[in-house]
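Colleague: Compact mmCIF, C-alpha atoms and all ligand atoms, file input-v4.txt:
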# COMPACT_ATOMS: atom_id res chain seq x y z
CA MET A 1 -40.08 -12.15 5.01
CA SER A 2 -39.99 -12.10 8.77
CA TYR A 3 -37.70 -14.71 10.30
CA ARG A 4 -38.10 -16.60 13.56
CA VAL A 5 -34.33 -16.11 13.97
CA PRO A 6 -33.18 -13.02 12.04
CA PHE A 7 -29.52 -12.72 11.07
CA VAL A 8 -29.45 -9.43 12.97
CA ASP A 9 -32.34 -7.55 14.59
CA PRO A 10 -32.06 -3.77 14.08
CA ARG A 11 -35.47 -3.11 15.69
CA GLU A 12 -34.53 -4.89 18.91
CA HIS A 13 -31.11 -3.21 18.81
CA TYR A 14 -32.78 0.22 18.68
CA ARG A 15 -35.39 -0.69 21.28
CA ARG A 16 -32.66 -1.51 23.82
CA LEU A 17 -30.70 1.69 23.16
CA LYS A 18 -33.57 4.03 22.33
CA ASP A 19 -33.18 6.43 25.25
CA GLU A 20 -29.47 7.05 24.71
CA VAL A 21 -29.62 7.13 20.91
CA ASP A 22 -32.61 9.49 20.82
CA VAL A 23 -30.88 11.94 23.15
CA ALA A 24 -27.70 11.84 21.04
CA ILE A 25 -29.65 12.56 17.85
CA THR A 26 -31.94 15.27 19.21
CA ASP A 27 -29.12 17.05 21.08
CA THR A 28 -27.00 17.13 17.95
CA LEU A 29 -29.88 18.39 15.80
CA ALA A 30 -30.99 20.96 18.40
CA ARG A 31 -27.48 22.43 18.42
CA GLY A 32 -27.43 22.52 14.63
CA ASP A 33 -24.20 20.52 14.70
CA LEU A 34 -24.40 18.79 11.35
CA VAL A 35 -20.87 18.63 9.96
CA LEU A 36 -17.37 18.60 11.46
CA ARG A 37 -18.47 19.52 14.98
CA SER A 38 -17.57 18.40 18.49
CA GLN A 39 -19.54 15.12 18.28
CA LEU A 40 -17.30 13.97 15.42
CA ARG A 41 -14.13 15.01 17.25
CA ASP A 42 -15.30 13.29 20.46
CA PHE A 43 -16.07 10.06 18.63
CA GLU A 44 -12.72 10.17 16.83
CA ARG A 45 -10.91 10.66 20.15
CA HIS A 46 -12.76 7.79 21.81
CA LEU A 47 -12.24 5.48 18.83
CA ALA A 48 -8.50 6.23 18.76
CA GLU A 49 -8.32 5.49 22.52
CA PHE A 50 -10.24 2.24 22.04
CA VAL A 51 -8.00 1.04 19.20
CA GLY A 52 -4.86 2.28 20.97
CA VAL A 53 -3.59 4.72 18.33
CA LYS A 54 -2.97 8.47 18.22
CA TYR A 55 -5.50 9.41 15.54
CA ALA A 56 -8.87 8.33 14.17
CA VAL A 57 -10.46 10.08 11.20
CA GLY A 58 -14.17 9.53 10.55
CA VAL A 59 -15.13 8.99 6.91
CA ASN A 60 -18.31 7.78 5.27
CA SER A 61 -17.29 4.15 4.64
CA CYS A 62 -14.53 1.62 5.06
CA TYR A 63 -14.16 1.78 1.30
CA HIS A 64 -13.08 5.42 1.62
CA ALA A 65 -10.90 4.62 4.64
CA LEU A 66 -9.06 2.04 2.49
CA HIS A 67 -8.80 4.32 -0.53
CA PHE A 68 -7.47 7.26 1.50
CA SER A 69 -5.03 5.07 3.46
CA LEU A 70 -3.61 3.60 0.25
CA LEU A 71 -3.27 7.09 -1.27
CA ALA A 72 -1.59 8.31 1.92
CA ALA A 73 0.83 5.36 1.66
CA GLY A 74 1.77 6.56 -1.83
CA VAL A 75 0.08 3.71 -3.70
CA GLY A 76 -0.47 4.57 -7.36
CA PRO A 77 -0.26 3.44 -10.98
CA GLY A 78 2.36 0.83 -11.82
CA GLN A 79 2.40 -0.55 -8.29
CA GLU A 80 0.98 -3.74 -6.82
CA VAL A 81 -0.84 -4.28 -3.55
CA ILE A 82 -1.11 -7.79 -2.11
CA THR A 83 -4.41 -8.75 -0.50
CA VAL A 84 -6.83 -11.69 -0.33
CA ALA A 85 -9.63 -12.61 -2.73
CA HIS A 86 -11.74 -13.83 0.20
CA THR A 87 -12.88 -10.36 1.29
CA PHE A 88 -15.60 -7.91 0.39
CA LEU A 89 -15.01 -6.38 -3.04
CA ALA A 90 -14.40 -2.90 -1.55
CA THR A 91 -10.92 -4.04 -0.41
CA ILE A 92 -9.94 -4.83 -3.98
CA SER A 93 -11.79 -1.85 -5.51
CA ALA A 94 -9.86 0.58 -3.29
CA ILE A 95 -6.61 -0.74 -4.80
CA VAL A 96 -8.00 -0.52 -8.34
CA HIS A 97 -9.21 3.05 -7.78
CA CYS A 98 -5.69 4.10 -6.78
CA GLY A 99 -4.60 2.97 -10.25
CA ALA A 100 -2.64 0.07 -8.73
CA THR A 101 -2.93 -3.68 -9.42
CA PRO A 102 -4.40 -6.04 -6.81
CA VAL A 103 -2.35 -9.22 -6.34
CA LEU A 104 -4.57 -11.82 -4.68
CA VAL A 105 -3.30 -14.58 -2.39
CA ASP A 106 -5.16 -17.45 -0.81
CA VAL A 107 -6.39 -17.71 2.76
CA GLY A 108 -5.82 -20.33 5.45
CA GLU A 109 -8.27 -22.39 7.52
CA ASP A 110 -9.12 -19.29 9.59
CA TYR A 111 -10.23 -17.38 6.44
CA ASN A 112 -7.36 -14.89 6.80
CA LEU A 113 -4.36 -14.23 4.56
CA ASP A 114 -2.02 -17.23 4.62
CA PRO A 115 1.39 -15.75 5.52
CA HIS A 116 3.16 -18.75 3.89
CA LEU A 117 1.98 -17.49 0.50
CA LEU A 118 2.98 -13.88 1.01
CA GLU A 119 6.63 -13.82 0.06
CA GLU A 120 6.17 -15.54 -3.30
CA ALA A 121 3.56 -12.88 -4.23
CA ILE A 122 6.04 -10.02 -3.75
CA THR A 123 7.57 -8.50 -6.90
CA ASP A 124 9.67 -5.40 -7.49
CA ARG A 125 6.41 -3.50 -8.09
CA THR A 126 4.86 -4.41 -4.72
CA LYS A 127 4.19 -1.33 -2.61
CA ALA A 128 1.88 -2.56 0.13
CA ILE A 129 0.26 -5.53 1.87
CA LEU A 130 -3.42 -5.23 2.77
CA PRO A 131 -4.36 -7.99 5.24
CA VAL A 132 -8.07 -8.36 5.98
CA HIS A 133 -9.07 -9.36 9.52
CA LEU A 134 -12.13 -11.35 8.51
CA ASN A 135 -15.08 -12.29 10.73
CA GLY A 136 -13.53 -10.52 13.73
CA ARG A 137 -10.26 -12.47 13.75
CA VAL A 138 -6.98 -10.57 13.43
CA CYS A 139 -4.45 -11.92 10.89
CA GLU A 140 -1.06 -13.35 11.92
CA MET A 141 0.30 -9.82 12.17
CA GLU A 142 3.74 -10.62 13.56
CA ARG A 143 4.64 -12.65 10.50
CA ILE A 144 3.00 -10.23 8.08
CA LEU A 145 4.78 -7.22 9.63
CA GLY A 146 8.08 -9.12 9.62
CA ILE A 147 7.79 -9.88 5.90
CA ALA A 148 6.71 -6.29 5.17
CA GLU A 149 9.72 -4.93 7.05
CA ARG A 150 12.18 -7.23 5.23
CA HIS A 151 10.83 -6.09 1.86
CA HIS A 152 10.24 -2.42 2.81
CA LEU A 153 6.49 -2.64 2.23
CA VAL A 154 3.68 -0.65 3.79
CA VAL A 155 0.92 -2.50 5.69
CA ILE A 156 -2.66 -1.17 5.61
CA GLU A 157 -5.18 -3.21 7.63
CA ASP A 158 -8.72 -3.85 6.47
CA ALA A 159 -10.32 -4.06 9.90
CA ALA A 160 -13.89 -3.52 8.65
CA GLN A 161 -15.00 -6.70 10.43
CA ALA A 162 -12.65 -6.65 13.40
CA LEU A 163 -13.17 -3.66 15.69
CA GLY A 164 -12.29 -4.97 19.16
CA GLY A 165 -10.51 -8.11 17.94
CA THR A 166 -6.96 -8.51 19.25
CA PHE A 167 -3.70 -10.34 18.47
CA LYS A 168 -1.17 -10.63 21.30
CA GLY A 169 -3.16 -8.01 23.20
CA LYS A 170 -3.04 -5.41 20.40
CA MET A 171 -6.21 -4.21 18.73
CA ALA A 172 -7.09 -4.65 15.06
CA GLY A 173 -6.31 -1.39 13.29
CA SER A 174 -3.23 -0.59 15.39
CA PHE A 175 -0.57 -2.70 13.61
CA GLY A 176 -0.02 -1.14 10.20
CA LEU A 177 0.49 2.35 8.85
CA ALA A 178 -3.31 2.63 8.96
CA GLY A 179 -6.35 0.61 10.00
CA CYS A 180 -9.67 0.86 8.17
CA PHE A 181 -13.05 0.34 9.83
CA SER A 182 -16.67 0.08 8.71
CA PHE A 183 -19.73 1.23 10.64
CA TYR A 184 -22.18 -0.15 8.09
CA PRO A 185 -25.35 -1.01 10.07
CA LEU A 186 -24.68 -4.78 10.17
CA LYS A 187 -21.23 -4.31 11.72
CA ALA A 188 -20.58 -4.92 15.43
CA LEU A 189 -20.38 -1.12 15.80
CA GLY A 190 -23.08 -0.21 13.29
CA GLY A 191 -24.26 3.31 12.49
CA LEU A 192 -27.45 4.63 10.92
CA GLY A 193 -26.12 4.12 7.39
CA ASP A 194 -22.71 4.11 5.77
CA GLY A 195 -19.75 5.12 7.93
CA GLY A 196 -16.11 4.30 8.50
CA ALA A 197 -12.81 5.47 9.95
CA VAL A 198 -9.05 5.47 9.43
CA THR A 199 -6.91 4.80 12.52
CA THR A 200 -3.20 5.59 12.55
CA ASN A 201 -0.23 6.71 14.62
CA ASP A 202 1.07 8.72 11.66
CA ALA A 203 0.17 12.43 11.70
CA ALA A 204 0.67 12.78 7.93
CA VAL A 205 -1.73 9.90 7.18
CA ALA A 206 -4.34 11.36 9.53
CA ARG A 207 -3.98 14.78 7.90
CA MET A 208 -4.28 13.41 4.38
CA ALA A 209 -7.43 11.43 5.25
CA THR A 210 -8.84 14.56 6.94
CA LEU A 211 -8.23 16.64 3.79
CA LEU A 212 -9.34 14.01 1.29
CA ARG A 213 -12.70 13.45 3.03
CA PHE A 214 -13.57 17.15 2.58
CA ASN A 215 -12.65 17.75 -1.06
CA GLY A 216 -9.02 18.39 -0.20
CA GLU A 217 -9.68 21.52 1.86
CA ASP A 218 -7.76 22.52 4.96
CA ARG A 219 -10.61 24.03 6.98
CA GLU A 220 -8.25 26.24 9.01
CA THR A 221 -6.65 28.01 6.06
CA GLY A 222 -9.19 27.50 3.26
CA GLU A 223 -6.40 26.10 1.07
CA PHE A 224 -7.33 23.14 -1.17
CA HIS A 225 -4.42 20.67 -1.25
CA TYR A 226 -5.84 17.81 -3.34
CA HIS A 227 -8.63 16.89 -5.71
CA GLY A 228 -10.41 15.13 -2.87
CA TYR A 229 -13.73 13.45 -2.20
CA THR A 230 -17.03 14.16 -0.44
CA ALA A 231 -16.72 11.51 2.24
CA LEU A 232 -17.37 12.88 5.72
CA LEU A 233 -18.69 10.89 8.65
CA ASP A 234 -21.82 12.92 9.47
CA ASN A 235 -22.05 14.49 12.88
CA VAL A 236 -25.34 12.82 13.86
CA GLN A 237 -23.83 9.45 12.94
CA ALA A 238 -20.73 10.22 15.01
CA ALA A 239 -22.90 11.12 18.02
CA VAL A 240 -24.77 7.81 17.76
CA LEU A 241 -21.57 5.79 17.20
CA ASP A 242 -20.04 7.45 20.26
CA VAL A 243 -22.96 6.18 22.37
CA LYS A 244 -22.65 2.69 20.92
CA LEU A 245 -18.86 2.52 21.31
CA ARG A 246 -19.37 2.54 25.10
CA HIS A 247 -21.42 -0.66 24.78
CA LEU A 248 -19.08 -2.40 22.36
CA PRO A 249 -16.92 -4.35 24.86
CA ARG A 250 -20.07 -5.85 26.39
CA TRP A 251 -21.45 -6.66 22.93
CA ILE A 252 -18.22 -8.41 21.95
CA ASP A 253 -18.39 -10.50 25.14
CA HIS A 254 -21.94 -11.44 24.16
CA ARG A 255 -20.86 -12.39 20.61
CA ARG A 256 -18.10 -14.60 22.04
CA ARG A 257 -20.65 -16.28 24.33
CA ILE A 258 -22.99 -16.90 21.38
CA ALA A 259 -20.06 -18.36 19.41
CA ALA A 260 -19.22 -20.69 22.30
CA LEU A 261 -22.86 -21.83 22.45
CA TYR A 262 -22.86 -22.59 18.70
CA ASP A 263 -19.51 -24.42 19.12
CA HIS A 264 -20.99 -26.61 21.80
CA ALA A 265 -24.35 -27.23 20.11
CA LEU A 266 -22.87 -28.04 16.68
CA GLU A 267 -20.03 -30.30 17.74
CA ASP A 268 -19.74 -33.45 15.59
CA VAL A 269 -22.65 -32.66 13.29
CA GLY A 270 -22.40 -34.01 9.71
CA ASP A 271 -19.38 -32.66 7.86
CA LEU A 272 -19.68 -29.25 9.57
CA ARG A 273 -16.49 -27.31 10.19
CA LEU A 274 -16.82 -24.75 12.96
CA PRO A 275 -14.80 -21.54 13.35
CA ARG A 276 -12.63 -22.91 16.15
CA PHE A 277 -9.16 -21.52 15.67
CA PRO A 278 -6.18 -21.36 18.03
CA GLU A 279 -6.90 -18.72 20.66
CA GLU A 280 -3.63 -18.44 22.60
CA HIS A 281 -2.73 -15.17 20.84
CA HIS A 282 -6.15 -14.08 19.63
CA VAL A 283 -9.35 -12.65 21.02
CA ASP A 284 -11.84 -12.91 18.14
CA SER A 285 -14.71 -10.43 18.14
CA PHE A 286 -17.02 -12.67 16.02
CA GLN A 287 -18.39 -10.20 13.53
CA ASN A 288 -19.59 -13.41 11.87
CA TYR A 289 -19.98 -17.02 12.98
CA VAL A 290 -19.11 -18.92 9.79
CA ILE A 291 -19.61 -22.66 9.34
CA ARG A 292 -18.56 -24.82 6.38
CA THR A 293 -20.26 -27.81 4.79
CA ARG A 294 -20.30 -29.41 1.35
CA GLN A 295 -24.11 -29.27 1.62
CA ARG A 296 -24.16 -25.50 2.09
CA ASP A 297 -26.90 -24.62 -0.42
CA ALA A 298 -29.27 -27.38 0.76
CA LEU A 299 -28.63 -26.51 4.43
CA ARG A 300 -29.26 -22.85 3.75
CA ALA A 301 -32.53 -23.54 1.91
CA TYR A 302 -33.64 -25.79 4.77
CA LEU A 303 -32.83 -23.13 7.40
CA THR A 304 -34.71 -20.48 5.43
CA GLY A 305 -37.72 -22.80 5.37
CA GLN A 306 -37.44 -23.15 9.17
CA GLY A 307 -37.34 -19.36 9.63
CA VAL A 308 -33.60 -19.03 10.26
CA GLU A 309 -31.94 -16.25 8.29
CA THR A 310 -28.38 -16.86 7.10
CA LEU A 311 -25.94 -15.02 4.84
CA VAL A 312 -23.17 -16.18 2.52
CA HIS A 313 -19.95 -14.17 2.35
CA TRP A 314 -19.32 -14.65 -0.65
CA SER A 315 -20.74 -17.18 -3.12
CA LYS A 316 -18.57 -16.53 -6.20
CA PRO A 317 -14.89 -15.57 -6.38
CA TRP A 318 -14.49 -11.95 -7.47
CA TRP A 319 -12.41 -12.89 -10.51
CA GLU A 320 -15.45 -14.76 -11.90
CA HIS A 321 -17.46 -11.51 -11.99
CA ARG A 322 -16.52 -10.60 -15.56
CA GLY A 323 -17.42 -6.91 -15.25
CA LEU A 324 -14.66 -6.43 -12.67
CA GLN A 325 -12.03 -7.29 -15.28
CA LEU A 326 -9.77 -8.99 -12.77
CA ARG A 327 -7.40 -11.59 -14.15
CA GLU A 328 -8.08 -15.27 -13.46
CA TRP A 329 -6.58 -16.42 -10.13
CA ASP A 330 -5.93 -19.97 -9.01
CA LEU A 331 -6.80 -19.82 -5.31
CA PRO A 332 -8.23 -23.22 -4.35
CA GLN A 333 -9.09 -22.39 -0.73
CA THR A 334 -10.96 -19.24 -1.74
CA ALA A 335 -12.87 -21.06 -4.48
CA ARG A 336 -13.82 -23.89 -2.09
CA ILE A 337 -14.86 -21.46 0.66
CA CYS A 338 -17.23 -19.71 -1.76
CA ARG A 339 -19.06 -23.03 -2.21
CA GLU A 340 -19.03 -24.11 1.44
CA VAL A 341 -19.49 -21.20 3.86
CA VAL A 342 -22.62 -19.90 5.50
CA SER A 343 -22.87 -17.38 8.36
CA LEU A 344 -25.34 -18.06 11.18
CA PRO A 345 -27.38 -15.43 13.06
CA MET A 346 -25.01 -13.39 15.22
CA SER A 347 -25.47 -10.02 16.89
CA ALA A 348 -25.52 -8.35 20.29
CA GLU A 349 -29.23 -9.25 20.40
CA THR A 350 -28.97 -12.94 19.45
CA THR A 351 -30.39 -15.02 22.30
CA GLU A 352 -29.50 -18.42 23.72
CA ALA A 353 -32.96 -19.68 22.67
CA GLN A 354 -32.28 -18.57 19.08
CA VAL A 355 -28.95 -20.44 19.08
CA ASP A 356 -30.70 -23.55 20.46
CA TYR A 357 -33.38 -23.42 17.77
CA THR A 358 -30.86 -22.78 14.97
CA ALA A 359 -28.62 -25.63 16.15
CA GLN A 360 -31.59 -27.97 16.47
CA CYS A 361 -32.61 -27.17 12.87
CA ILE A 362 -29.07 -27.85 11.67
CA ARG A 363 -28.90 -31.15 13.55
CA THR A 364 -32.27 -32.19 12.08
CA PHE A 365 -31.06 -31.34 8.58
CA PHE A 366 -27.96 -33.55 8.94
CA ALA A 367 -29.93 -36.34 10.64
C1 LIG B 401 -13.77 -6.95 4.88
C2 LIG B 401 -14.48 -5.72 4.41
N1 LIG B 401 -13.79 -4.71 3.86
C3 LIG B 401 -14.39 -3.58 3.46
C4 LIG B 401 -15.75 -3.40 3.58
C5 LIG B 401 -16.37 -2.15 3.09
O1 LIG B 401 -17.01 -1.45 4.12
P1 LIG B 401 -18.01 -0.25 3.80
O2 LIG B 401 -19.31 -0.85 3.42
O3 LIG B 401 -18.07 0.54 5.07
O4 LIG B 401 -17.40 0.53 2.69
C6 LIG B 401 -16.52 -4.41 4.15
C7 LIG B 401 -17.97 -4.27 4.30
O5 LIG B 401 -18.70 -5.18 4.49
C8 LIG B 401 -15.87 -5.60 4.58
O6 LIG B 401 -16.57 -6.62 5.13
Can the structure from this file be put into structure tokens for me?
Modeller:
Amino acid sequence: MSYRVPFVDPREHYRRLKDEVDVAITDTLARGDLVLRSQLRDFERHLAEFVGVKYAVGVNSCYHALHFSLLAAGVGPGQEVITVAHTFLATISAIVHCGATPVLVDVGEDYNLDPHLLEEAITDRTKAILPVHLNGRVCEMERILGIAERHHLVVIEDAAQALGGTFKGKMAGSFGLAGCFSFYPLKALGGLGDGGAVTTNDAAVARMATLLRFNGEDRETGEFHYHGYTALLDNVQAAVLDVKLRHLPRWIDHRRRIAALYDHALEDVGDLRLPRFPEEHHVDSFQNYVIRTRQRDALRAYLTGQGVETLVHWSKPWWEHRGLQLREWDLPQTARICREVVSLPMSAETTEAQVDYTAQCIRTFFA
């Protein structure tokens, strides 16, 4: 189905960047630089500079970035990792695939881990805390880091949705032992397919991620140090991401402008709750613009009928997916959010006219 207002518009995105992206791809191919070449190293250097850390290691998804970071932190069987249930499943799966147990806590109004609930979730088996900076908003990192320090716990950040978001002037992905990013095409910095990165100031973490992504091999010596994975960020992808990274600050400004337009246009409409959270310490990068209403399903169906594409992140708590074999959790905020949230069209290409039309449809629905 073609929408009058698409959630994102990959064709328009490519049209605007075509000249630069085409040159990056053809140059890389013409040089035969397919794996582990200068384009990957350049992108990693630029990403590390952007995030404000010493190292960035390109991998083929945020899932792998999370898995490798947890392994590098020493997470394994018999241990627990505290995270939120209101996240994409990959966050939780990475913990499970380390052989550890995910301990899920509820989120606050801003959809991020509620630091008040953190301490009571800590046991003598807790090894790490995995805060998720959802929708482009960084968690309350000062409090989370303080609790982690008091209990000698490692912090790994899931920053899949928050590249460019800041808390007290520091970038997402620069607070913990490692930060994990996604370059899945719908992300603010989206690649040609799957992609991700680990960011860290710790040389040992960077080295372990570098070895694990290439089946455990040290390319300099030929020695295999681990049973690793096949999880490289491809060179062509890195070349394209490097081009796009230069545009990212401007795109984030645009996203923030679109969010402000939605805020204004949807003020005092029905029972809508808008993503307006305290900003004195935060700069949110608005990966998503998420609204809440008790009439979510009816609103969504109406918007689809009017040609406005929306997404729901996520409609059923993970513990209700029986195949995942997670234990039952009592997280009232998370359960309510699953019933109430819907994300409106939001991208670097979203126009003021599209916001106006979407807001007008929403107002008509509630009228
Ligand atoms: C919060 C969060 N964590 C992890 C991931 C996994 O990212 P990837 O698809 O790159 O593995 C996503 C992807 O949507 C995400 O939104």
Colleague: Can you tell me, as number ranges by chain, what residues are no more than 6 Å from A:Ser285 when counting only C-alpha atoms, ignoring any on the same chain fewer than 2 positions away?
Modeller: A: 136, 165, 252, 287
Colleague: Excluding A:Trp251 and any residue of its chain fewer than 4 positions from it, enumerate the residues within 7 Å of it, using only C-alpha atoms, and give them as a list in words.
Modeller: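 The contact residues come out as His247, Arg255 and Ala348 of chain A.
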Colleague: Give me a file of those residues, with C-alpha atoms, as a short mmCIF file (atom, residue, chain, number, x, y, z; two decimals), in the coordinates of the input.
Modeller:
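Writing the result to result.cif gives the following:
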data_model
loop_
_atom_site.label_atom_id
_atom_site.label_comp_id
_atom_site.auth_asym_id
_atom_site.auth_seq_id
_atom_site.Cartn_x
_atom_site.Cartn_y
_atom_site.Cartn_z
CA HIS A 247 -21.42 -0.66 24.78
CA ARG A 255 -20.86 -12.39 20.61
CA ALA A 348 -25.52 -8.35 20.29
#
Colleague: What is the atom CA of A:Thr210 to atom CA of A:Glu149 distance in Å?
Modeller: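 Distance between the two atoms: 26.9 Å.
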Colleague: Would you place a box with edges along x, y and z of the file around all atoms of ligand LIG 401 (chain B) listed there, add 4 Å to each of its six sides, and report the centre and edge lengths in Å to one decimal, as lines of an AutoDock Vina configuration file?
Modeller:
center_x = -16.5
center_y = -3.2
center_z = 3.9
size_x = 13.5
size_y = 15.5
size_z = 10.4
Colleague: Please provide as a count of residues only all residues within 10 Å of A:Leu331, with the sequence filter that same-chain residues fewer than 6 positions apart are discarded (counting only C-alpha atoms).
Modeller: 8
Colleague: Measure the distance from atom CA of A:Thr358 to atom CA of A:Ala160 in Å and round it to one decimal.
Modeller: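 Separating atom CA of A:Thr358 from atom CA of A:Ala160 is a distance of 26.4 Å.
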Colleague: So, counting all atoms listed in the file, which residue among A:Leu66, A:Met208, A:Cys361, A:Ile291 is closest to ligand LIG 401 (chain B)?
Modeller: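 Comparing A:Leu66, A:Met208, A:Cys361, A:Ile291 against ligand LIG 401 (chain B), the winner is A:Leu66.
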Colleague: Counting all atoms listed in the file, which protein, DNA or RNA residues come within 7 Å of ligand LIG 401 (chain B), given as a PyMOL selection string?
Modeller: chain A and resi 61-64+87-88+90-91+132+134+158-161+181-184+194-196
Colleague: Rounded to one decimal place, report the atom CA of A:Gly76-atom CA of A:Val51 distance in Å.
Modeller: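 Taking atom CA of A:Gly76 as the start and atom CA of A:Val51 as the end point, the length is 27.8 Å.
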Colleague: Pick out the residues sitting within 10 Å of A:Ser174, and hand them over as a list in words; count only C-alpha atoms, and ignore anything fewer than 6 positions along from it in its own chain.
Modeller: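 So the residues in contact are Ala48, Val51, Gly52, Val53, Lys54, Ile156, Glu157, Ala159, Thr166, Cys180, Thr199, Thr200 and Asn201 of chain A.
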